[in-house]
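Colleague: Here you go, this is protein_5.cif (mmCIF, C-alpha atoms and all ligand atoms).
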```cif
data_target
#
loop_
_atom_site.label_atom_id
_atom_site.label_comp_id
_atom_site.auth_asym_id
_atom_site.auth_seq_id
_atom_site.Cartn_x
_atom_site.Cartn_y
_atom_site.Cartn_z
CA MET A 1 0.62 49.12 -49.05
CA SER A 2 3.37 46.78 -47.83
CA VAL A 3 3.20 43.13 -48.88
CA ILE A 4 3.09 40.60 -46.07
CA LYS A 5 6.07 38.26 -46.34
CA LYS A 6 5.56 34.54 -45.89
CA VAL A 7 7.95 32.47 -43.82
CA LEU A 8 8.19 28.71 -43.49
CA VAL A 9 9.33 27.57 -40.05
CA ALA A 10 10.72 24.04 -40.27
CA GLY A 11 11.11 22.27 -36.93
CA ALA A 12 8.17 24.33 -35.66
CA SER A 13 7.27 21.85 -32.91
CA GLY A 14 10.74 22.05 -31.32
CA TYR A 15 12.08 24.31 -28.58
CA LEU A 16 13.54 27.00 -30.85
CA GLY A 17 11.02 26.46 -33.67
CA ARG A 18 8.06 27.38 -31.47
CA TYR A 19 9.67 30.65 -30.37
CA ALA A 20 10.54 31.37 -34.01
CA VAL A 21 6.90 30.93 -35.06
CA LYS A 22 5.86 33.39 -32.35
CA GLU A 23 8.61 35.89 -33.17
CA PHE A 24 7.89 35.95 -36.91
CA LYS A 25 4.16 36.33 -36.21
CA ASP A 26 4.85 39.21 -33.78
CA ARG A 27 6.80 40.91 -36.59
CA GLY A 28 3.85 40.67 -38.97
CA TYR A 29 4.93 37.75 -41.15
CA TYR A 30 2.53 35.13 -42.47
CA VAL A 31 3.83 31.90 -40.88
CA ARG A 32 3.57 28.39 -42.26
CA ALA A 33 4.67 25.87 -39.61
CA LEU A 34 6.07 22.52 -40.70
CA ALA A 35 5.35 19.84 -38.11
CA ARG A 36 5.16 16.09 -38.40
CA ASN A 37 2.61 15.89 -35.61
CA PRO A 38 0.25 18.89 -35.41
CA GLU A 39 -1.28 17.54 -32.18
CA LYS A 40 2.01 18.22 -30.42
CA ILE A 41 1.86 21.98 -31.01
CA LYS A 42 -1.58 22.39 -29.45
CA THR A 43 0.03 22.40 -26.01
CA ALA A 44 3.11 24.10 -24.53
CA GLY A 45 6.42 22.26 -24.76
CA PRO A 46 8.29 20.63 -21.86
CA HIS A 47 10.50 23.69 -21.29
CA THR A 48 7.67 26.26 -21.24
CA GLU A 49 7.95 26.98 -24.97
CA PRO A 50 4.58 28.13 -26.33
CA ALA A 51 1.77 26.18 -27.98
CA ILE A 52 1.75 27.48 -31.55
CA PHE A 53 -1.16 25.72 -33.25
CA ASP A 54 -3.30 28.85 -32.94
CA ILE A 55 -0.42 31.28 -33.55
CA ALA A 56 0.72 29.99 -36.95
CA ASP A 57 -1.35 30.96 -40.00
CA GLU A 58 -1.01 27.53 -41.51
CA ILE A 59 0.20 24.09 -40.43
CA PHE A 60 1.93 21.93 -43.03
CA THR A 61 2.11 18.32 -41.93
CA GLY A 62 5.22 16.56 -43.18
CA ASP A 63 8.13 14.35 -42.21
CA VAL A 64 11.44 14.95 -43.99
CA THR A 65 12.24 11.23 -43.89
CA SER A 66 9.18 10.71 -46.17
CA PRO A 67 10.02 13.00 -49.12
CA ASP A 68 6.52 12.85 -50.64
CA THR A 69 5.08 14.55 -47.55
CA ILE A 70 7.36 17.57 -48.05
CA LYS A 71 6.35 18.32 -51.64
CA GLY A 72 5.03 21.87 -51.99
CA VAL A 73 6.16 22.93 -48.51
CA CYS A 74 7.76 26.11 -49.91
CA LYS A 75 4.97 27.07 -52.32
CA GLY A 76 4.47 30.85 -52.10
CA ILE A 77 7.08 31.18 -49.37
CA ASP A 78 9.54 34.14 -49.23
CA ILE A 79 11.82 33.03 -46.39
CA VAL A 80 12.68 29.61 -44.97
CA PHE A 81 13.81 29.33 -41.37
CA SER A 82 14.93 25.86 -40.34
CA ALA A 83 15.57 24.66 -36.79
CA LEU A 84 14.78 21.16 -37.96
CA GLY A 85 17.13 18.54 -36.57
CA LEU A 86 17.38 15.28 -34.72
CA THR A 87 18.11 15.88 -31.04
CA SER A 88 16.93 12.64 -29.47
CA PRO A 89 17.66 9.07 -30.55
CA ASP A 90 15.53 7.52 -33.28
CA PRO A 91 15.53 3.78 -33.98
CA LYS A 92 15.47 4.27 -37.77
CA PHE A 93 17.06 7.61 -38.62
CA ASN A 94 20.26 9.44 -37.71
CA ASN A 95 21.56 13.03 -38.01
CA TYR A 96 22.71 12.48 -41.57
CA ASP A 97 19.16 11.43 -42.57
CA VAL A 98 17.40 14.30 -40.78
CA ASP A 99 19.77 17.27 -40.33
CA TYR A 100 21.49 16.83 -43.68
CA LEU A 101 19.18 14.99 -46.10
CA GLY A 102 16.01 16.36 -44.51
CA ASN A 103 17.10 19.99 -44.71
CA LYS A 104 18.45 19.38 -48.20
CA LEU A 105 15.01 18.28 -49.27
CA ILE A 106 13.57 21.55 -47.98
CA LEU A 107 16.36 23.50 -49.73
CA GLU A 108 15.48 21.82 -53.04
CA GLU A 109 11.84 22.84 -52.56
CA ALA A 110 12.99 26.38 -51.68
CA LEU A 111 15.15 26.66 -54.80
CA ARG A 112 12.30 25.45 -56.98
CA GLU A 113 10.02 28.13 -55.51
CA HIS A 114 12.67 30.92 -55.76
CA VAL A 115 12.61 31.60 -52.01
CA SER A 116 14.59 34.76 -51.24
CA ARG A 117 16.54 33.60 -48.11
CA PHE A 118 17.20 30.40 -46.16
CA ILE A 119 18.08 30.82 -42.48
CA TYR A 120 19.58 27.69 -40.99
CA VAL A 121 20.37 26.84 -37.37
CA SER A 122 23.62 24.95 -36.95
CA VAL A 123 25.95 24.88 -33.92
CA PHE A 124 28.62 27.07 -32.29
CA ASN A 125 32.20 25.74 -31.96
CA GLN A 126 31.65 23.48 -34.95
CA ASP A 127 35.36 23.46 -35.87
CA LYS A 128 36.29 21.97 -32.48
CA MET A 129 33.81 19.09 -32.87
CA ALA A 130 34.08 18.50 -36.61
CA GLU A 131 34.17 14.70 -36.35
CA ILE A 132 31.02 14.38 -34.22
CA PRO A 133 28.17 12.97 -36.40
CA THR A 134 25.66 15.70 -35.39
CA ILE A 135 28.13 18.43 -36.35
CA LYS A 136 29.14 16.68 -39.57
CA ALA A 137 25.51 16.48 -40.67
CA HIS A 138 24.86 20.16 -39.86
CA GLU A 139 27.99 21.28 -41.68
CA LEU A 140 27.31 19.17 -44.76
CA PHE A 141 24.06 21.05 -45.06
CA VAL A 142 25.73 24.42 -44.40
CA ALA A 143 28.16 23.70 -47.27
CA ASP A 144 25.32 22.75 -49.64
CA LEU A 145 23.32 25.82 -48.67
CA LYS A 146 26.25 28.17 -49.29
CA ALA A 147 26.94 26.52 -52.66
CA SER A 148 23.30 26.58 -53.75
CA GLY A 149 23.13 30.22 -54.85
CA MET A 150 20.31 30.84 -52.36
CA PRO A 151 20.89 33.87 -50.07
CA TRP A 152 21.56 32.43 -46.61
CA ALA A 153 22.18 33.06 -42.93
CA ILE A 154 23.70 30.53 -40.55
CA ILE A 155 22.83 30.86 -36.87
CA ARG A 156 25.39 29.31 -34.51
CA PRO A 157 23.98 29.06 -30.99
CA ASN A 158 26.01 27.48 -28.19
CA GLY A 159 23.34 25.89 -25.95
CA TYR A 160 19.66 26.48 -25.29
CA PHE A 161 17.95 26.82 -21.93
CA SER A 162 16.06 23.65 -22.90
CA ASP A 163 19.38 21.78 -22.91
CA MET A 164 20.17 23.13 -19.45
CA GLY A 165 16.71 21.83 -18.54
CA ARG A 166 18.20 18.33 -18.71
CA PHE A 167 20.34 19.23 -15.68
CA PHE A 168 17.19 20.50 -13.98
CA SER A 169 15.42 17.15 -14.55
CA MET A 170 18.43 15.28 -13.16
CA ALA A 171 18.61 17.62 -10.16
CA GLN A 172 14.96 16.90 -9.45
CA SER A 173 15.85 13.22 -9.19
CA GLY A 174 18.35 14.24 -6.48
CA HIS A 175 21.65 13.33 -8.15
CA ILE A 176 23.76 14.26 -11.19
CA PHE A 177 26.63 12.32 -12.73
CA MET A 178 28.88 15.00 -14.23
CA VAL A 179 31.29 14.16 -17.04
CA GLY A 180 34.66 15.75 -16.17
CA GLU A 181 35.11 18.40 -13.49
CA GLY A 182 32.39 20.74 -14.80
CA GLU A 183 34.84 23.65 -14.98
CA LYS A 184 34.20 24.53 -18.65
CA LYS A 185 32.05 27.59 -19.29
CA ILE A 186 28.90 28.29 -21.26
CA ASN A 187 26.46 31.21 -21.67
CA PRO A 188 23.26 29.44 -22.74
CA VAL A 189 20.45 31.31 -24.45
CA HIS A 190 16.67 31.38 -24.03
CA GLY A 191 14.65 30.32 -27.11
CA ALA A 192 12.74 33.62 -27.19
CA ASP A 193 15.96 35.67 -27.18
CA LEU A 194 17.51 33.47 -29.85
CA ALA A 195 14.38 33.66 -32.01
CA LYS A 196 14.84 37.45 -32.22
CA ILE A 197 18.35 37.01 -33.66
CA CYS A 198 16.97 34.41 -36.09
CA ALA A 199 14.20 36.74 -37.29
CA ASP A 200 16.67 39.66 -37.62
CA ALA A 201 18.63 37.45 -40.05
CA ALA A 202 15.71 37.57 -42.50
CA ASP A 203 16.76 41.11 -43.52
CA ASP A 204 20.51 40.63 -43.16
CA GLN A 205 23.32 39.70 -45.56
CA ASN A 206 24.85 36.27 -46.06
CA ARG A 207 26.62 35.73 -42.75
CA GLU A 208 27.23 33.39 -39.85
CA ILE A 209 25.94 34.59 -36.49
CA ALA A 210 27.30 33.09 -33.27
CA VAL A 211 24.88 33.49 -30.35
CA GLY A 212 24.95 32.91 -26.61
CA GLY A 213 22.96 34.24 -23.67
CA PRO A 214 23.65 37.06 -21.19
CA ASP A 215 25.28 35.10 -18.31
CA ILE A 216 28.41 32.90 -18.26
CA TYR A 217 28.50 29.89 -15.95
CA THR A 218 30.64 26.80 -15.47
CA PHE A 219 28.71 23.58 -16.08
CA ARG A 220 29.05 22.85 -12.35
CA GLU A 221 27.43 26.20 -11.52
CA VAL A 222 24.53 25.37 -13.85
CA MET A 223 24.03 22.06 -12.06
CA GLU A 224 24.19 23.68 -8.63
CA MET A 225 21.66 26.27 -9.73
CA ALA A 226 19.38 23.46 -10.91
CA PHE A 227 19.57 21.82 -7.47
CA HIS A 228 18.82 25.09 -5.70
CA ALA A 229 15.81 25.74 -7.95
CA SER A 230 14.61 22.21 -7.11
CA ASP A 231 15.07 22.91 -3.40
CA LYS A 232 17.57 20.05 -3.11
CA THR A 233 21.09 19.84 -1.72
CA PRO A 234 23.55 19.54 -4.64
CA TRP A 235 24.80 15.96 -5.04
CA ILE A 236 27.12 15.81 -8.03
CA THR A 237 29.42 12.87 -8.84
CA PRO A 238 32.20 13.63 -11.35
CA LEU A 239 32.87 10.88 -13.90
CA PRO A 240 36.32 10.83 -15.53
CA LEU A 241 36.23 11.62 -19.23
CA TRP A 242 37.88 8.31 -20.13
CA LEU A 243 35.07 6.44 -18.38
CA ALA A 244 32.38 8.38 -20.29
CA GLU A 245 34.21 7.75 -23.57
CA GLY A 246 34.52 4.03 -22.75
CA ALA A 247 30.78 3.88 -22.01
CA LEU A 248 30.15 5.59 -25.36
CA MET A 249 32.16 2.95 -27.20
CA VAL A 250 30.17 0.17 -25.53
CA THR A 251 26.88 1.97 -26.31
CA SER A 252 27.88 2.30 -29.96
CA VAL A 253 28.05 -1.50 -30.26
CA PHE A 254 24.39 -1.83 -29.24
CA ASN A 255 22.86 1.46 -30.34
CA ARG A 256 24.82 3.47 -32.89
CA ASN A 257 22.28 6.32 -33.16
CA LEU A 258 22.18 6.85 -29.39
CA ALA A 259 26.00 6.78 -29.19
CA ASP A 260 26.26 9.37 -31.97
CA LEU A 261 23.99 11.78 -30.12
CA LEU A 262 25.69 11.19 -26.75
CA SER A 263 29.11 11.73 -28.33
CA PHE A 264 28.09 15.35 -28.93
CA ALA A 265 27.18 15.81 -25.26
CA VAL A 266 30.48 14.31 -24.08
CA GLU A 267 32.65 16.17 -26.61
CA ALA A 268 30.94 19.47 -25.80
CA LEU A 269 32.05 19.23 -22.16
CA LYS A 270 35.73 19.33 -23.13
CA PHE A 271 35.98 23.09 -23.79
CA ASP A 272 34.31 26.44 -23.17
CA HIS A 273 31.25 27.50 -25.18
CA VAL A 274 31.17 31.23 -24.65
CA ALA A 275 29.50 32.92 -27.63
CA PRO A 276 28.65 36.62 -28.22
CA ALA A 277 26.01 37.55 -25.64
CA CYS A 278 22.46 38.40 -26.58
CA GLY A 279 19.11 38.53 -24.87
CA THR A 280 17.73 39.50 -21.51
CA ARG A 281 16.42 36.25 -20.08
CA HIS A 282 18.31 34.55 -17.25
CA LEU A 283 18.82 30.87 -16.53
CA LYS A 284 17.99 31.29 -12.85
CA GLU A 285 14.53 32.58 -13.76
CA PHE A 286 14.08 29.77 -16.28
CA PHE A 287 14.85 27.13 -13.64
CA ALA A 288 12.44 28.85 -11.23
CA GLU A 289 9.77 28.72 -13.95
CA LEU A 290 10.42 25.00 -14.50
CA ALA A 291 10.24 24.40 -10.76
CA SER A 292 6.89 26.18 -10.45
CA SER A 293 5.47 24.35 -13.49
CA LYS A 294 6.41 21.00 -11.84
CA VAL A 295 4.70 22.00 -8.58
CA GLN A 296 1.34 22.79 -10.28
N1 LIG B 301 19.45 22.36 -28.03
C1 LIG B 301 20.61 23.04 -28.09
O1 LIG B 301 21.20 23.39 -27.07
C2 LIG B 301 21.19 23.38 -29.45
C3 LIG B 301 22.36 24.14 -29.52
C4 LIG B 301 22.86 24.49 -30.78
C5 LIG B 301 22.21 24.08 -31.93
N2 LIG B 301 21.08 23.32 -31.83
C6 LIG B 301 20.40 22.90 -33.07
O2 LIG B 301 19.22 23.68 -33.20
C7 LIG B 301 18.20 22.94 -33.85
C8 LIG B 301 16.92 23.00 -33.03
O3 LIG B 301 17.20 22.52 -31.73
P1 LIG B 301 16.01 22.28 -30.67
O4 LIG B 301 16.65 22.10 -29.36
O5 LIG B 301 14.96 23.31 -30.87
O6 LIG B 301 15.51 20.86 -31.17
P2 LIG B 301 14.11 20.13 -30.93
O7 LIG B 301 13.35 20.76 -29.83
O8 LIG B 301 14.38 18.67 -30.87
O9 LIG B 301 13.36 20.44 -32.32
C9 LIG B 301 13.72 19.79 -33.51
C10 LIG B 301 12.61 19.97 -34.50
O10 LIG B 301 12.91 19.17 -35.67
C11 LIG B 301 11.76 18.36 -35.95
N3 LIG B 301 12.07 17.12 -36.64
C12 LIG B 301 12.94 16.14 -36.26
N4 LIG B 301 12.90 15.14 -37.14
C13 LIG B 301 11.99 15.47 -38.10
C14 LIG B 301 11.49 14.85 -39.26
N5 LIG B 301 11.92 13.64 -39.62
N6 LIG B 301 10.58 15.49 -40.03
C15 LIG B 301 10.12 16.72 -39.66
N7 LIG B 301 10.53 17.37 -38.54
C16 LIG B 301 11.45 16.74 -37.78
C17 LIG B 301 11.16 18.06 -34.59
O11 LIG B 301 9.86 17.53 -34.73
P3 LIG B 301 9.18 16.66 -33.56
O12 LIG B 301 8.75 17.69 -32.54
O13 LIG B 301 8.06 15.98 -34.21
O14 LIG B 301 10.25 15.76 -33.02
C18 LIG B 301 11.24 19.45 -33.98
O15 LIG B 301 10.23 20.27 -34.48
C19 LIG B 301 18.75 21.51 -34.01
O16 LIG B 301 19.20 21.33 -35.32
C20 LIG B 301 19.92 21.45 -33.03
O17 LIG B 301 20.95 20.58 -33.43
C21 LIG B 301 20.56 22.97 -30.62
#
```
Mind converting the file's structure to structure tokens?
Ligand SMILES: NC(=O)c1ccc[n+]([C@@H]2O[C@H](COP(=O)([O-])OP(=O)(O)OC[C@H]3O[C@@H](n4cnc5c(N)ncnc54)[C@H](OP(=O)(O)O)[C@@H]3O)[C@@H](O)[C@H]2O)c1
Modeller:
Amino acid sequence: MSVIKKVLVAGASGYLGRYAVKEFKDRGYYVRALARNPEKIKTAGPHTEPAIFDIADEIFTGDVTSPDTIKGVCKGIDIVFSALGLTSPDPKFNNYDVDYLGNKLILEEALREHVSRFIYVSVFNQDKMAEIPTIKAHELFVADLKASGMPWAIIRPNGYFSDMGRFFSMAQSGHIFMVGEGEKKINPVHGADLAKICADAADDQNREIAVGGPDIYTFREVMEMAFHASDKTPWITPLPLWLAEGALMVTSVFNRNLADLLSFAVEALKFDHVAPACGTRHLKEFFAELASSKVQ
């Protein structure tokens, strides 16, 4: 009789985390979902990611910025998968606090419990954006994980459909300010497709896995597609890079955490993000799905 393996999904209420919970469950794992607000996972997410309250075997309520709430999170766990990170501004905490220190806390718990593998989601093209605070925090954790003696896998996705969903929301408002000329390319990936790669890593060796989606677009093409899905005429105003960077500097005076997060978005538009293609889901269909969910 085969033993059912137990996985902890950290960041289970997020876009990728929810798909990871579902994917691990579909593969027969026992899934413990770490969420700071269990209410949130009772309903689907804003980008059609699934409700997972009834899918996970167990919900562990904890916030990595309150270390006491994380104690015991890895008890009895075989594999940790973490898509836990700060992706929207927080008045009190930054990427260092959450992506680095928060994941480190989980790693310490995992080491104590002799977990057999830690799968961590960082970012693609990290070397080109090494000075950006979000990337720094991710890579500090990656370095600690590799040095810890724990078997590991690092997933390096380029951009999720949920991120492209931001362009969809802007298109719905009728207008998009585009930083630069929008000529750089990306092949974004659906959370469900990415979750399969993440779950495959549970049985893999120590390695870094770069992941993108099946179709390559320029950022301008993504925006135009978002307008078409919204049934609106594309209205896109390019903003020179120097202007966006100037605005960032001003923002950093008033709101450092917001500026740090925005600096990632601005920096990312300076070069292509074409990663090895995986998956079968297409952005056009995703935008159509978002459009129909807004109509209902
Ligand atoms: N989005 C992209 O295009 C992209 C591309 C490459 C890499 N990544 C990386 O992939 C990871 C997942 O991204 P995502 O888009 O799925 O992010 P997301 O939807 O914002 O999910 C982040 C998860 O982390 C949790 N979290 C944040 N702060 C926490 C805290 N203090 N204690 C406990 N949980 C906390 C969130 O909980 P709440 O739901 O309660 O906020 C959520 O479950 C991130 O590390 C991100 O940097 C993202």
Colleague: Could you state the separation of atom CA of A:Pro67 and atom CA of A:Leu34 in Å, given to one decimal place?
Modeller: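 If I compute the distance from atom CA of A:Pro67 to atom CA of A:Leu34, I get 13.3 Å.
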Colleague: In terms of the shortest atom-to-atom distance over all atoms listed in the file, which of A:Leu261, A:Ile186, A:Ala277, A:Ala171 is closest to A:Lys232?
Modeller: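 So, comparing all the options, the nearest one is A:Ala171.
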Colleague: 9 Å from ligand LIG 301 (chain B) is the threshold here; counting all atoms listed in the file, which polymer residues fall inside it? Answer as a ChimeraX atom specification.
Modeller: /A:10-18,34-38,40-41,45,61-66,70,82-88,90,93,95,97-99,102,120-124,134-135,138,155-164,188-189,191
Colleague: For each of A:Val21, A:Arg207, A:Phe227, A:Gly212, take the minimum atom-to-atom distance to A:Arg281, counting all atoms listed in the file, then give the residue where this is smallest.
Modeller: A:Gly212
Colleague: Which neighbours of A:Tyr96 fall inside 8 Å, counting all atoms listed in the file, when residues of the same chain fewer than 5 positions from it are skipped, and could you give them as an mmCIF file with C-alpha atoms, in the frame of the given file?
Modeller:
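Output file around-v9.cif is given in full below:
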```cif
data_model
loop_
_atom_site.group_PDB
_atom_site.id
_atom_site.type_symbol
_atom_site.label_atom_id
_atom_site.label_comp_id
_atom_site.auth_asym_id
_atom_site.auth_seq_id
_atom_site.Cartn_x
_atom_site.Cartn_y
_atom_site.Cartn_z
ATOM 1 C CA LEU A 101 19.180 14.990 -46.100
ATOM 2 C CA PRO A 133 28.170 12.970 -36.400
ATOM 3 C CA THR A 134 25.660 15.700 -35.390
ATOM 4 C CA LYS A 136 29.140 16.680 -39.570
ATOM 5 C CA ALA A 137 25.510 16.480 -40.670
#
```
Colleague: Which one is closest to A:Ser116: A:Asp193, A:Asp78, A:Glu39, A:Glu245? Count all atoms listed in the file.
Modeller: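 Among the listed residues, the smallest separation from A:Ser116 belongs to A:Asp78.
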Colleague: For each of A:Ile132, A:Asp203, A:Lys6, A:Arg112, take the minimum atom-to-atom distance to A:Tyr29, counting all atoms listed in the file, then give the residue where this is smallest.
Modeller: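 Of A:Ile132, A:Asp203, A:Lys6, A:Arg112, the one nearest A:Tyr29 is A:Lys6, counting all atoms listed in the file.
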Colleague: When you draw a straight line from atom CA of A:Lys5 to atom CA of A:Ala51, how long is it in Å?
Modeller: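 Rounded to one decimal, the two atoms are 22.4 Å apart.
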Colleague: I need every residue sitting at most 12 Å from the point (15.3, 20.0, -55.5) (coordinates as in the file, all atoms listed in the file considered), written as a PyMOL selection string.
Modeller: chain A and resi 67+70-74+101-114+144+148
Colleague: Hey, which of A:Pro276, A:Pro240, A:Pro151, A:Gly180 ends up closest to A:Ala201? Count only C-alpha atoms.
Modeller: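 The closest residue to A:Ala201 is A:Pro151.
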Colleague: Choose the residue, out of A:Ser2, A:Gln205, A:Ser230, A:Ser173, that has the smallest atom-to-atom separation from A:Phe286; count all atoms listed in the file.
Modeller: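 Ranking A:Ser2, A:Gln205, A:Ser230, A:Ser173 by distance to A:Phe286, first place goes to A:Ser230.
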Colleague: Could you check how far atom CA of A:Leu145 sits from atom CA of A:Asp127, in Å to one decimal?
Modeller: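 Spanning atom CA of A:Leu145 to atom CA of A:Asp127 is a straight-line distance of 17.7 Å.
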Colleague: If you count all atoms listed in the file, which residues fall within 12 Å of A:Phe168, apart from same-chain ones fewer than 5 positions away, as a VMD selection string?
Modeller: chain A and resid 46 to 47 161 to 163 173 to 176 221 to 232 234 283 to 284 286 to 291 294
Colleague: Go ahead and fit an axis-aligned box to every listed atom of stretch 233-249 of chain A plus 4 Å each side, and pass me the centre and edge lengths in Å, one decimal, as lines of an AutoDock Vina configuration file.
Modeller:
```
center_x = 29.5
center_y = 11.4
center_z = -14.5
size_x = 24.8
size_y = 24.9
size_z = 33.5
```
Colleague: At a cut-off of 12 Å, using all atoms listed in the file, what residues contact A:Asn255? Leave out same-chain residues fewer than 6 positions from it and give the result as a tab-separated table (two decimals) with C-alpha atoms, in the coordinates of the input.
Modeller:
```
chain	number	residue	atom	x	y	z
A	89	PRO	CA	17.66	9.07	-30.55
A	90	ASP	CA	15.53	7.52	-33.28
A	91	PRO	CA	15.53	3.78	-33.98
A	92	LYS	CA	15.47	4.27	-37.77
A	93	PHE	CA	17.06	7.61	-38.62
A	94	ASN	CA	20.26	9.44	-37.71
A	247	ALA	CA	30.78	3.88	-22.01
A	248	LEU	CA	30.15	5.59	-25.36
A	249	MET	CA	32.16	2.95	-27.20
A	261	LEU	CA	23.99	11.78	-30.12
A	262	LEU	CA	25.69	11.19	-26.75
```
